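Read through the structure below, which is laid out as structure tokens, and then see the notes.
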Amino acid sequence: MQRQKNDTRSWAKPNRRMAAMGMYLPSISGEVLGEVAVAIDCSGSVGEKELNEFAAEFRAIWEDMCPVKAHVIYFDSTVCHYDKFERGDDATIAPHGGGGTAFSPVFRYMTEHNINPVATVFLTDLYCDDFGPAPDHPVLWVTNGTDKAPWGEVVRM
């Protein structure tokens, strides 16, 4: 997630330290994490304990990384529910679903609804074989189950 942050540079207010040396460079207003997608596995193999862990992970992303916007997609074998949070919102999750597991509907949903995140985080047990094709942005699989994914980066919870 940290690698997806970028900074904002502005010529409106030159960098004072460099101006003192006769160099006029833009000021840097700080690092910003753009829009992220967080896909929460609500399939039947995920219990209340795991959902509480997923909620804690989402809170950490929201509070520590401060993305501009978070697209939260609840899924099992289909997309069951969608929430969008922007800065200043009280971001809480409420699981929906309970069937089988498929990851590809999440990527189809993002394409159909023009959601273009800088990264997607899956909170899942990874018990599935329907991953679909890899998207053109980074994917982080945060798992408390198996650690096998055909692409993306896997992190054990």
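Identifiers for the structure tokens are assigned positionally: chains receive A, B, ... in sequence, residues are indexed from 1 per chain, and ligands are indexed from 1 in the order shown.
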
Contacts of stretch 116-137 of chain A with stretch 48-61 of chain A up to 10 Å, shortest pair per row, only C-alpha atoms, as a Markdown table:
```
| residue | atom | partner | partner_atom | distance |
| --- | --- | --- | --- | --- |
| A:Val121 | CA | A:Phe58 | CA | 9.2 |
| A:Phe122 | CA | A:Phe54 | CA | 9.4 |
| A:Leu123 | CA | A:Phe54 | CA | 5.9 |
| A:Thr124 | CA | A:Phe54 | CA | 7.9 |
| A:Asp125 | CA | A:Glu50 | CA | 8.4 |
```

Test item: residues at most 8 Å from stretch 153-157 of chain A, only C-alpha atoms, excluding those fewer than 6 positions along its chain, as a ChimeraX atom specification | /A:139-145,147

Residues from the last selection, C-alpha atoms, saved as a compact mmCIF listing (two decimals), in the first residue's frame:
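What follows is the written file result-v8.txt:
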```txt
# COMPACT_ATOMS: atom_id res chain seq x y z
CA VAL A 139 -3.38 -6.79 -5.97
CA LEU A 140 -2.64 -7.70 -2.37
CA TRP A 141 -4.16 -10.93 -1.02
CA VAL A 142 -4.38 -10.69 2.79
CA THR A 143 -5.23 -14.17 3.99
CA ASN A 144 -5.73 -16.23 7.09
CA GLY A 145 -6.08 -19.44 5.07
CA ASP A 147 -1.22 -18.68 0.74
```

Filtered DSSP result for chain A, state helix (DSSP H, G or I), as a PyMOL selection string | chain A and resi 2-4+16-19+48-65+104-112

Run DSSP on the backbone of this structure and report the residues of chain A it assigns to strand (DSSP E), as an MDAnalysis selection string.
-> chainID A and resid 5:14 26:33 36:41 69:75 79:86 119:124 139:143 153:156
